[in-house]
Every structure is written in structure tokens, then in C-alpha cells.
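Asks: Pasting data18.txt here (compact mmCIF, N, CA and C atoms):
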```
# COMPACT_ATOMS: atom_id res chain seq x y z
N MET A 1 0.84 -1.18 0.00
CA MET A 1 0.00 0.00 0.00
C MET A 1 0.88 1.23 0.00
N GLY A 2 0.56 2.20 -0.83
CA GLY A 2 1.33 3.42 -0.92
C GLY A 2 1.01 4.38 0.20
N LYS A 3 1.69 5.49 0.17
CA LYS A 3 1.49 6.51 1.18
C LYS A 3 0.20 7.27 0.90
N GLU A 4 -0.64 7.43 1.92
CA GLU A 4 -1.87 8.20 1.78
C GLU A 4 -1.79 9.40 2.70
N HIS A 5 -2.44 10.47 2.29
CA HIS A 5 -2.32 11.73 3.02
C HIS A 5 -3.71 12.37 3.14
N PHE A 6 -4.00 12.91 4.31
CA PHE A 6 -5.29 13.55 4.55
C PHE A 6 -5.05 14.73 5.47
N GLU A 7 -5.53 15.89 5.12
CA GLU A 7 -5.41 17.07 5.98
C GLU A 7 -6.75 17.75 6.09
N PHE A 8 -7.00 18.32 7.25
CA PHE A 8 -8.25 19.03 7.49
C PHE A 8 -7.96 20.15 8.48
N ALA A 9 -8.45 21.33 8.20
CA ALA A 9 -8.28 22.46 9.12
C ALA A 9 -9.49 23.38 8.98
N ARG A 10 -9.98 23.87 10.09
CA ARG A 10 -11.06 24.86 10.08
C ARG A 10 -11.23 25.43 11.48
N MET A 11 -11.84 26.57 11.54
CA MET A 11 -12.20 27.16 12.83
C MET A 11 -13.49 26.50 13.28
N ALA A 12 -13.57 26.13 14.53
CA ALA A 12 -14.75 25.48 15.07
C ALA A 12 -14.88 25.84 16.54
N SER A 13 -16.04 25.59 17.09
CA SER A 13 -16.24 25.84 18.52
C SER A 13 -15.48 24.79 19.32
N ALA A 14 -15.21 25.09 20.57
CA ALA A 14 -14.53 24.14 21.45
C ALA A 14 -15.35 22.85 21.55
N GLU A 15 -16.68 22.97 21.53
CA GLU A 15 -17.55 21.80 21.60
C GLU A 15 -17.39 20.91 20.36
N GLU A 16 -17.31 21.53 19.17
CA GLU A 16 -17.12 20.75 17.94
C GLU A 16 -15.77 20.03 17.94
N VAL A 17 -14.74 20.72 18.39
CA VAL A 17 -13.41 20.10 18.46
C VAL A 17 -13.44 18.92 19.43
N ALA A 18 -14.12 19.09 20.56
CA ALA A 18 -14.24 18.00 21.53
C ALA A 18 -14.95 16.80 20.90
N GLU A 19 -15.95 17.04 20.05
CA GLU A 19 -16.65 15.95 19.36
C GLU A 19 -15.71 15.21 18.42
N TYR A 20 -14.88 15.95 17.67
CA TYR A 20 -13.89 15.31 16.79
C TYR A 20 -12.96 14.42 17.62
N LEU A 21 -12.46 14.95 18.73
CA LEU A 21 -11.54 14.20 19.57
C LEU A 21 -12.22 12.97 20.17
N SER A 22 -13.48 13.11 20.57
CA SER A 22 -14.23 11.97 21.11
C SER A 22 -14.40 10.88 20.04
N SER A 23 -14.70 11.30 18.81
CA SER A 23 -14.85 10.33 17.72
C SER A 23 -13.53 9.62 17.44
N LEU A 24 -12.43 10.36 17.48
CA LEU A 24 -11.12 9.74 17.29
C LEU A 24 -10.85 8.72 18.39
N ALA A 25 -11.20 9.07 19.63
CA ALA A 25 -10.99 8.17 20.77
C ALA A 25 -11.80 6.88 20.59
N VAL A 26 -13.05 7.00 20.17
CA VAL A 26 -13.88 5.82 19.94
C VAL A 26 -13.27 4.95 18.84
N GLY A 27 -12.82 5.57 17.77
CA GLY A 27 -12.19 4.83 16.68
C GLY A 27 -10.94 4.11 17.11
N LEU A 28 -10.12 4.76 17.94
CA LEU A 28 -8.92 4.11 18.45
C LEU A 28 -9.28 2.90 19.30
N LYS A 29 -10.29 3.04 20.15
CA LYS A 29 -10.72 1.93 20.99
C LYS A 29 -11.24 0.77 20.16
N ARG A 30 -11.93 1.06 19.08
CA ARG A 30 -12.49 0.02 18.21
C ARG A 30 -11.45 -0.56 17.26
N GLY A 31 -10.35 0.16 17.06
CA GLY A 31 -9.30 -0.32 16.15
C GLY A 31 -9.54 0.05 14.70
N GLU A 32 -10.41 1.05 14.46
CA GLU A 32 -10.67 1.48 13.10
C GLU A 32 -11.13 2.93 13.09
N LEU A 33 -10.49 3.73 12.24
CA LEU A 33 -10.84 5.15 12.10
C LEU A 33 -11.16 5.43 10.64
N SER A 34 -12.22 6.19 10.41
CA SER A 34 -12.56 6.63 9.06
C SER A 34 -12.66 8.14 9.08
N LEU A 35 -11.93 8.78 8.18
CA LEU A 35 -11.94 10.24 8.07
C LEU A 35 -12.45 10.60 6.68
N GLU A 36 -13.40 11.52 6.63
CA GLU A 36 -13.96 11.95 5.35
C GLU A 36 -14.14 13.46 5.35
N SER A 37 -13.81 14.07 4.23
CA SER A 37 -14.03 15.50 4.03
C SER A 37 -14.15 15.73 2.53
N GLY A 38 -15.34 16.10 2.09
CA GLY A 38 -15.55 16.30 0.66
C GLY A 38 -15.32 15.00 -0.08
N GLU A 39 -14.47 15.05 -1.07
CA GLU A 39 -14.16 13.86 -1.87
C GLU A 39 -13.07 12.99 -1.24
N ARG A 40 -12.41 13.50 -0.23
CA ARG A 40 -11.30 12.77 0.41
C ARG A 40 -11.82 11.85 1.50
N ALA A 41 -11.30 10.65 1.55
CA ALA A 41 -11.64 9.69 2.60
C ALA A 41 -10.42 8.83 2.89
N LEU A 42 -10.24 8.50 4.14
CA LEU A 42 -9.11 7.67 4.54
C LEU A 42 -9.57 6.76 5.68
N ARG A 43 -9.26 5.48 5.57
CA ARG A 43 -9.61 4.52 6.61
C ARG A 43 -8.31 4.02 7.23
N LEU A 44 -8.24 4.06 8.55
CA LEU A 44 -7.03 3.66 9.26
C LEU A 44 -7.35 2.51 10.21
N THR A 45 -6.37 1.64 10.38
CA THR A 45 -6.48 0.55 11.34
C THR A 45 -5.28 0.64 12.27
N PRO A 46 -5.44 1.35 13.39
CA PRO A 46 -4.32 1.52 14.31
C PRO A 46 -3.89 0.19 14.94
N ALA A 47 -2.61 0.11 15.27
CA ALA A 47 -2.09 -1.04 15.99
C ALA A 47 -2.62 -0.99 17.43
N THR A 48 -2.43 -2.07 18.17
CA THR A 48 -2.90 -2.08 19.56
C THR A 48 -2.04 -1.19 20.44
N SER A 49 -0.79 -0.96 20.07
CA SER A 49 0.08 -0.04 20.80
C SER A 49 0.33 1.19 19.93
N VAL A 50 0.04 2.34 20.47
CA VAL A 50 0.23 3.58 19.72
C VAL A 50 1.09 4.54 20.53
N LYS A 51 1.76 5.42 19.82
CA LYS A 51 2.59 6.44 20.46
C LYS A 51 1.77 7.72 20.51
N LEU A 52 1.75 8.37 21.66
CA LEU A 52 1.05 9.63 21.84
C LEU A 52 2.07 10.71 22.16
N GLU A 53 2.04 11.77 21.39
CA GLU A 53 2.92 12.91 21.63
C GLU A 53 2.04 14.15 21.77
N ILE A 54 2.22 14.88 22.85
CA ILE A 54 1.44 16.10 23.09
C ILE A 54 2.42 17.25 23.28
N LYS A 55 2.20 18.31 22.50
CA LYS A 55 3.01 19.52 22.64
C LYS A 55 2.06 20.67 22.96
N VAL A 56 2.41 21.44 23.97
CA VAL A 56 1.56 22.55 24.41
C VAL A 56 2.40 23.81 24.46
N ARG A 57 1.85 24.89 23.89
CA ARG A 57 2.50 26.21 23.96
C ARG A 57 1.46 27.23 24.37
N GLN A 58 1.88 28.15 25.21
CA GLN A 58 0.99 29.23 25.60
C GLN A 58 1.77 30.53 25.64
N LYS A 59 1.20 31.54 24.97
CA LYS A 59 1.75 32.89 25.01
C LYS A 59 0.70 33.77 25.66
N GLU A 60 0.93 35.04 25.69
CA GLU A 60 0.00 35.94 26.36
C GLU A 60 -1.44 35.78 25.89
N SER A 61 -1.68 35.85 24.60
CA SER A 61 -3.05 35.79 24.10
C SER A 61 -3.32 34.59 23.19
N LYS A 62 -2.38 33.65 23.14
CA LYS A 62 -2.54 32.50 22.26
C LYS A 62 -2.18 31.22 23.01
N GLY A 63 -2.85 30.15 22.62
CA GLY A 63 -2.53 28.83 23.15
C GLY A 63 -2.58 27.83 22.02
N LYS A 64 -1.83 26.76 22.15
CA LYS A 64 -1.81 25.73 21.11
C LYS A 64 -1.52 24.38 21.74
N ILE A 65 -2.31 23.38 21.34
CA ILE A 65 -2.07 22.00 21.72
C ILE A 65 -1.93 21.20 20.43
N ALA A 66 -0.82 20.52 20.27
CA ALA A 66 -0.60 19.68 19.10
C ALA A 66 -0.56 18.23 19.56
N LEU A 67 -1.42 17.40 18.96
CA LEU A 67 -1.47 15.99 19.29
C LEU A 67 -0.95 15.20 18.10
N GLU A 68 -0.13 14.23 18.38
CA GLU A 68 0.33 13.32 17.33
C GLU A 68 0.17 11.90 17.85
N ILE A 69 -0.56 11.10 17.10
CA ILE A 69 -0.79 9.71 17.45
C ILE A 69 -0.23 8.87 16.30
N GLY A 70 0.63 7.94 16.60
CA GLY A 70 1.26 7.15 15.55
C GLY A 70 1.40 5.70 15.95
N TRP A 71 1.58 4.85 14.94
CA TRP A 71 1.78 3.43 15.17
C TRP A 71 2.48 2.83 13.96
N LYS A 72 3.02 1.67 14.17
CA LYS A 72 3.59 0.90 13.07
C LYS A 72 2.70 -0.32 12.87
N ARG A 73 2.47 -0.63 11.61
CA ARG A 73 1.66 -1.80 11.31
C ARG A 73 2.43 -3.06 11.63
N SER A 74 1.75 -3.98 12.24
CA SER A 74 2.40 -5.28 12.46
C SER A 74 2.19 -6.11 11.21
N ASP A 75 3.11 -6.96 10.93
CA ASP A 75 3.01 -7.82 9.75
C ASP A 75 2.23 -9.07 10.15
N GLY A 76 0.94 -9.09 9.85
CA GLY A 76 0.08 -10.21 10.21
C GLY A 76 0.54 -11.53 9.63
N ALA A 77 1.22 -11.50 8.49
CA ALA A 77 1.67 -12.74 7.85
C ALA A 77 2.67 -13.47 8.75
N ARG A 78 3.51 -12.74 9.41
CA ARG A 78 4.50 -13.38 10.28
C ARG A 78 3.82 -14.09 11.44
N THR A 79 2.86 -13.45 12.08
CA THR A 79 2.23 -14.09 13.23
C THR A 79 1.35 -15.26 12.80
N SER A 80 0.79 -15.22 11.62
CA SER A 80 -0.07 -16.31 11.18
C SER A 80 0.74 -17.55 10.82
N GLU A 81 2.05 -17.42 10.63
CA GLU A 81 2.89 -18.57 10.29
C GLU A 81 3.27 -19.40 11.50
N LEU A 82 3.07 -18.89 12.69
CA LEU A 82 3.47 -19.59 13.90
C LEU A 82 2.43 -20.65 14.24
N ARG A 83 2.91 -21.87 14.44
CA ARG A 83 2.04 -22.97 14.87
C ARG A 83 2.71 -23.63 16.07
N VAL A 84 1.94 -23.83 17.09
CA VAL A 84 2.44 -24.50 18.29
C VAL A 84 1.56 -25.72 18.53
N ALA A 85 2.18 -26.87 18.67
CA ALA A 85 1.43 -28.09 18.91
C ALA A 85 2.02 -28.81 20.10
N VAL A 86 1.17 -29.37 20.89
CA VAL A 86 1.59 -30.15 22.03
C VAL A 86 1.16 -31.60 21.79
N GLY A 87 2.11 -32.49 21.79
CA GLY A 87 1.80 -33.89 21.56
C GLY A 87 2.04 -34.69 22.84
N PRO A 88 1.77 -35.96 22.80
CA PRO A 88 2.02 -36.79 23.99
C PRO A 88 3.51 -36.85 24.29
N ARG A 89 3.82 -36.90 25.55
CA ARG A 89 5.22 -37.01 25.97
C ARG A 89 5.73 -38.40 25.66
N SER A 90 6.92 -38.50 25.17
CA SER A 90 7.49 -39.82 24.89
C SER A 90 7.98 -40.44 26.20
N GLY A 91 7.84 -41.77 26.33
CA GLY A 91 8.32 -42.46 27.53
C GLY A 91 7.26 -42.56 28.61
N HIS A 92 6.02 -42.11 28.42
CA HIS A 92 4.99 -42.23 29.47
C HIS A 92 3.82 -43.01 28.98
```
For the file at hand, write its structure as C-alpha cells.

Replies:
Amino acid sequence: MGKEHFEFARMASAEEVAEYLSSLAVGLKRGELSLESGERALRLTPATSVKLEIKVRQKESKGKIALEIGWKRSDGARTSELRVAVGPRSGH
């Protein structure tokens, strides 16, 4: 799969931003996120372990919180190749 890119920016109320963040949280818990804006759409399947980076800056009349959530895809093919079998013990 190639690199996919999705960006979205707009002014919104604090309540609307909280709704976006809540939806992202639900998607992370479920293991699937879908983002859509106009003709653009992106579906993500986060790993069970994700990295969270939070950067906060505050000046006299401005504040900024930057969130970055990232993960690396696990290679499902490798884990599906593992087989463990337990047979009868020899000598008993």
C-alpha cells in the first residue's frame, strides 16, 4: 500500500473540536478510524500499541495543543505462520 495523506483544518467551537476528539478516541478503541471530508476519505487501522505525543504552547493571548498519534503496522503474515502443537510425551 502506498502513502496516503489527509489534511483538514477549520475554525470550530470548542464543543465541535471535543466531538472530533471523542470520535477519534472511539475509533482508536475500536481499532478502526474513518476520516472523510468532501471527496477525500481515509480509513485507518491503528495497531494495539500507539505512540502519543502532546506539545503545548501558551503565550499571552494564544494557546496551542498539538497531538500526534502514531503506530507501526504489524506484519500479520508473520504471526499467522506460527504454529504450536503439544503432543504426547514420549516415555509415558

Asks: What is the atom N of Glu4 in chain A to atom C of Arg40 in chain A distance in Å?

Replies: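 So the answer is 12.0 Å.
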
Asks: Could you give me the residues within range 2-57 of chain A that DSSP places in strand (DSSP E), as a list in words?

Replies: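 DSSP on the backbone gives strand (DSSP E) at Leu33, Ser34, Leu35, Glu36, Ser37, Arg40, Ala41, Leu42, Arg43, Leu44, Lys51, Leu52, Glu53, Ile54, Lys55, Val56 and Arg57 of chain A.
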
Asks: Considering only N, CA and C atoms, can you say which of A:Glu16, A:Phe6, A:Ile65, A:Pro46 comes closest to Arg30 in chain A?

Replies: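 The shortest atom-to-atom distance to Arg30 in chain A comes from A:Pro46.
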
Asks: Leaving out Glu36 in chain A and any residue of its chain fewer than 2 positions from it, which residues lie within 12 Å of it when counting only C-alpha atoms, given as a list in words?

Replies: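 Contacts, with the query itself left out: His5, Phe6, Glu7, Phe8, Tyr20, Leu33, Ser34, Gly38, Glu39, Arg40, Ala41, Leu42, Arg43 and Leu44 of chain A.
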
Asks: How many Å lie between atom N of Ala14 in chain A and atom N of Leu35 in chain A, rounded to one decimal?

Replies: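 Atom-to-atom, atom N of Ala14 in chain A to atom N of Leu35 in chain A, that is 20.7 Å.
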
Asks: Between A:Val86, A:Val56, A:Leu67, A:Ala47, which one has atoms that come closest to Leu21 in chain A, using only C-alpha atoms?

Replies: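 Checking each of A:Val86, A:Val56, A:Leu67, A:Ala47 against Leu21 in chain A, counting only C-alpha atoms, the winner is A:Leu67.
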
Asks: Quote the spacing between CA of Glu53 in chain A and atom C of Gly70 in chain A in Å to one decimal place.

Replies: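 It comes out at 9.3 Å.
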
Asks: From a DSSP calculation on the backbone, collect every residue of range 14-87 of chain A in alpha helix (DSSP H) and output the set as number ranges by chain.

Replies: A: 14-30, 76-80

Asks: I need the chosen residues saved as a compact mmCIF listing (two decimals), keeping the file's coordinate frame, with N, CA and C atoms.

Replies:
```txt
# COMPACT_ATOMS: atom_id res chain seq x y z
N ALA A 14 -15.21 25.09 20.57
CA ALA A 14 -14.53 24.14 21.45
C ALA A 14 -15.35 22.85 21.55
N GLU A 15 -16.68 22.97 21.53
CA GLU A 15 -17.55 21.80 21.60
C GLU A 15 -17.39 20.91 20.36
N GLU A 16 -17.31 21.53 19.17
CA GLU A 16 -17.12 20.75 17.94
C GLU A 16 -15.77 20.03 17.94
N VAL A 17 -14.74 20.72 18.39
CA VAL A 17 -13.41 20.10 18.46
C VAL A 17 -13.44 18.92 19.43
N ALA A 18 -14.12 19.09 20.56
CA ALA A 18 -14.24 18.00 21.53
C ALA A 18 -14.95 16.80 20.90
N GLU A 19 -15.95 17.04 20.05
CA GLU A 19 -16.65 15.95 19.36
C GLU A 19 -15.71 15.21 18.42
N TYR A 20 -14.88 15.95 17.67
CA TYR A 20 -13.89 15.31 16.79
C TYR A 20 -12.96 14.42 17.62
N LEU A 21 -12.46 14.95 18.73
CA LEU A 21 -11.54 14.20 19.57
C LEU A 21 -12.22 12.97 20.17
N SER A 22 -13.48 13.11 20.57
CA SER A 22 -14.23 11.97 21.11
C SER A 22 -14.40 10.88 20.04
N SER A 23 -14.70 11.30 18.81
CA SER A 23 -14.85 10.33 17.72
C SER A 23 -13.53 9.62 17.44
N LEU A 24 -12.43 10.36 17.48
CA LEU A 24 -11.12 9.74 17.29
C LEU A 24 -10.85 8.72 18.39
N ALA A 25 -11.20 9.07 19.63
CA ALA A 25 -10.99 8.17 20.77
C ALA A 25 -11.80 6.88 20.59
N VAL A 26 -13.05 7.00 20.17
CA VAL A 26 -13.88 5.82 19.94
C VAL A 26 -13.27 4.95 18.84
N GLY A 27 -12.82 5.57 17.77
CA GLY A 27 -12.19 4.83 16.68
C GLY A 27 -10.94 4.11 17.11
N LEU A 28 -10.12 4.76 17.94
CA LEU A 28 -8.92 4.11 18.45
C LEU A 28 -9.28 2.90 19.30
N LYS A 29 -10.29 3.04 20.15
CA LYS A 29 -10.72 1.93 20.99
C LYS A 29 -11.24 0.77 20.16
N ARG A 30 -11.93 1.06 19.08
CA ARG A 30 -12.49 0.02 18.21
C ARG A 30 -11.45 -0.56 17.26
N GLY A 76 0.94 -9.09 9.85
CA GLY A 76 0.08 -10.21 10.21
C GLY A 76 0.54 -11.53 9.63
N ALA A 77 1.22 -11.50 8.49
CA ALA A 77 1.67 -12.74 7.85
C ALA A 77 2.67 -13.47 8.75
N ARG A 78 3.51 -12.74 9.41
CA ARG A 78 4.50 -13.38 10.28
C ARG A 78 3.82 -14.09 11.44
N THR A 79 2.86 -13.45 12.08
CA THR A 79 2.23 -14.09 13.23
C THR A 79 1.35 -15.26 12.80
N SER A 80 0.79 -15.22 11.62
CA SER A 80 -0.07 -16.31 11.18
C SER A 80 0.74 -17.55 10.82
```

Asks: Quick one: of A:Arg10, A:Lys72, A:Lys62, A:Lys29, who's nearest to Val50 in chain A, counting only C-alpha atoms?

Replies: A:Lys72

Asks: Please write as an MDAnalysis selection string the list of polymer residues whose atoms come within 9 Å of (-1.3, 13.9, 22.0), counting only C-alpha atoms and keeping to the coordinates of the file.

Replies: chainID A and resid 51:55 65:69

Asks: Hey, could you patch up range 23-44 of chain A with N, CA, C and O atoms and hand it over as a compact mmCIF listing (two decimals), in the coordinates of the input?

Replies:
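Okay, out.txt is ready:
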```txt
# COMPACT_ATOMS: atom_id res chain seq x y z
N SER A 23 -14.70 11.30 18.81
CA SER A 23 -14.85 10.33 17.72
C SER A 23 -13.53 9.62 17.44
O SER A 23 -13.51 8.41 17.18
N LEU A 24 -12.43 10.36 17.48
CA LEU A 24 -11.12 9.74 17.29
C LEU A 24 -10.85 8.72 18.39
O LEU A 24 -10.33 7.63 18.14
N ALA A 25 -11.20 9.07 19.63
CA ALA A 25 -10.99 8.17 20.77
C ALA A 25 -11.80 6.88 20.59
O ALA A 25 -11.28 5.78 20.82
N VAL A 26 -13.05 7.00 20.17
CA VAL A 26 -13.88 5.82 19.94
C VAL A 26 -13.27 4.95 18.84
O VAL A 26 -13.18 3.73 18.98
N GLY A 27 -12.82 5.57 17.77
CA GLY A 27 -12.19 4.83 16.68
C GLY A 27 -10.94 4.11 17.11
O GLY A 27 -10.70 2.96 16.73
N LEU A 28 -10.12 4.76 17.94
CA LEU A 28 -8.92 4.11 18.45
C LEU A 28 -9.28 2.90 19.30
O LEU A 28 -8.66 1.85 19.20
N LYS A 29 -10.29 3.04 20.15
CA LYS A 29 -10.72 1.93 20.99
C LYS A 29 -11.24 0.77 20.16
O LYS A 29 -11.00 -0.39 20.48
N ARG A 30 -11.93 1.06 19.08
CA ARG A 30 -12.49 0.02 18.21
C ARG A 30 -11.45 -0.56 17.26
O ARG A 30 -11.67 -1.60 16.65
N GLY A 31 -10.35 0.16 17.06
CA GLY A 31 -9.30 -0.32 16.15
C GLY A 31 -9.54 0.05 14.70
O GLY A 31 -8.94 -0.54 13.81
N GLU A 32 -10.41 1.05 14.46
CA GLU A 32 -10.67 1.48 13.10
C GLU A 32 -11.13 2.93 13.09
O GLU A 32 -12.01 3.32 13.84
N LEU A 33 -10.49 3.73 12.24
CA LEU A 33 -10.84 5.15 12.10
C LEU A 33 -11.16 5.43 10.64
O LEU A 33 -10.46 4.98 9.75
N SER A 34 -12.22 6.19 10.41
CA SER A 34 -12.56 6.63 9.06
C SER A 34 -12.66 8.14 9.08
O SER A 34 -13.38 8.71 9.90
N LEU A 35 -11.93 8.78 8.18
CA LEU A 35 -11.94 10.24 8.07
C LEU A 35 -12.45 10.60 6.68
O LEU A 35 -11.99 10.04 5.68
N GLU A 36 -13.40 11.52 6.63
CA GLU A 36 -13.96 11.95 5.35
C GLU A 36 -14.14 13.46 5.35
O GLU A 36 -14.57 14.03 6.34
N SER A 37 -13.81 14.07 4.23
CA SER A 37 -14.03 15.50 4.03
C SER A 37 -14.15 15.73 2.53
O SER A 37 -13.18 15.55 1.79
N GLY A 38 -15.34 16.10 2.09
CA GLY A 38 -15.55 16.30 0.66
C GLY A 38 -15.32 15.00 -0.08
O GLY A 38 -15.89 13.97 0.25
N GLU A 39 -14.47 15.05 -1.07
CA GLU A 39 -14.16 13.86 -1.87
C GLU A 39 -13.07 12.99 -1.24
O GLU A 39 -12.82 11.88 -1.69
N ARG A 40 -12.41 13.50 -0.23
CA ARG A 40 -11.30 12.77 0.41
C ARG A 40 -11.82 11.85 1.50
O ARG A 40 -12.67 12.23 2.29
N ALA A 41 -11.30 10.65 1.55
CA ALA A 41 -11.64 9.69 2.60
C ALA A 41 -10.42 8.83 2.89
O ALA A 41 -9.65 8.51 1.99
N LEU A 42 -10.24 8.50 4.14
CA LEU A 42 -9.11 7.67 4.54
C LEU A 42 -9.57 6.76 5.68
O LEU A 42 -10.19 7.22 6.64
N ARG A 43 -9.26 5.48 5.57
CA ARG A 43 -9.61 4.52 6.61
C ARG A 43 -8.31 4.02 7.23
O ARG A 43 -7.40 3.62 6.51
N LEU A 44 -8.24 4.06 8.55
CA LEU A 44 -7.03 3.66 9.26
C LEU A 44 -7.35 2.51 10.21
O LEU A 44 -8.43 2.45 10.81
```
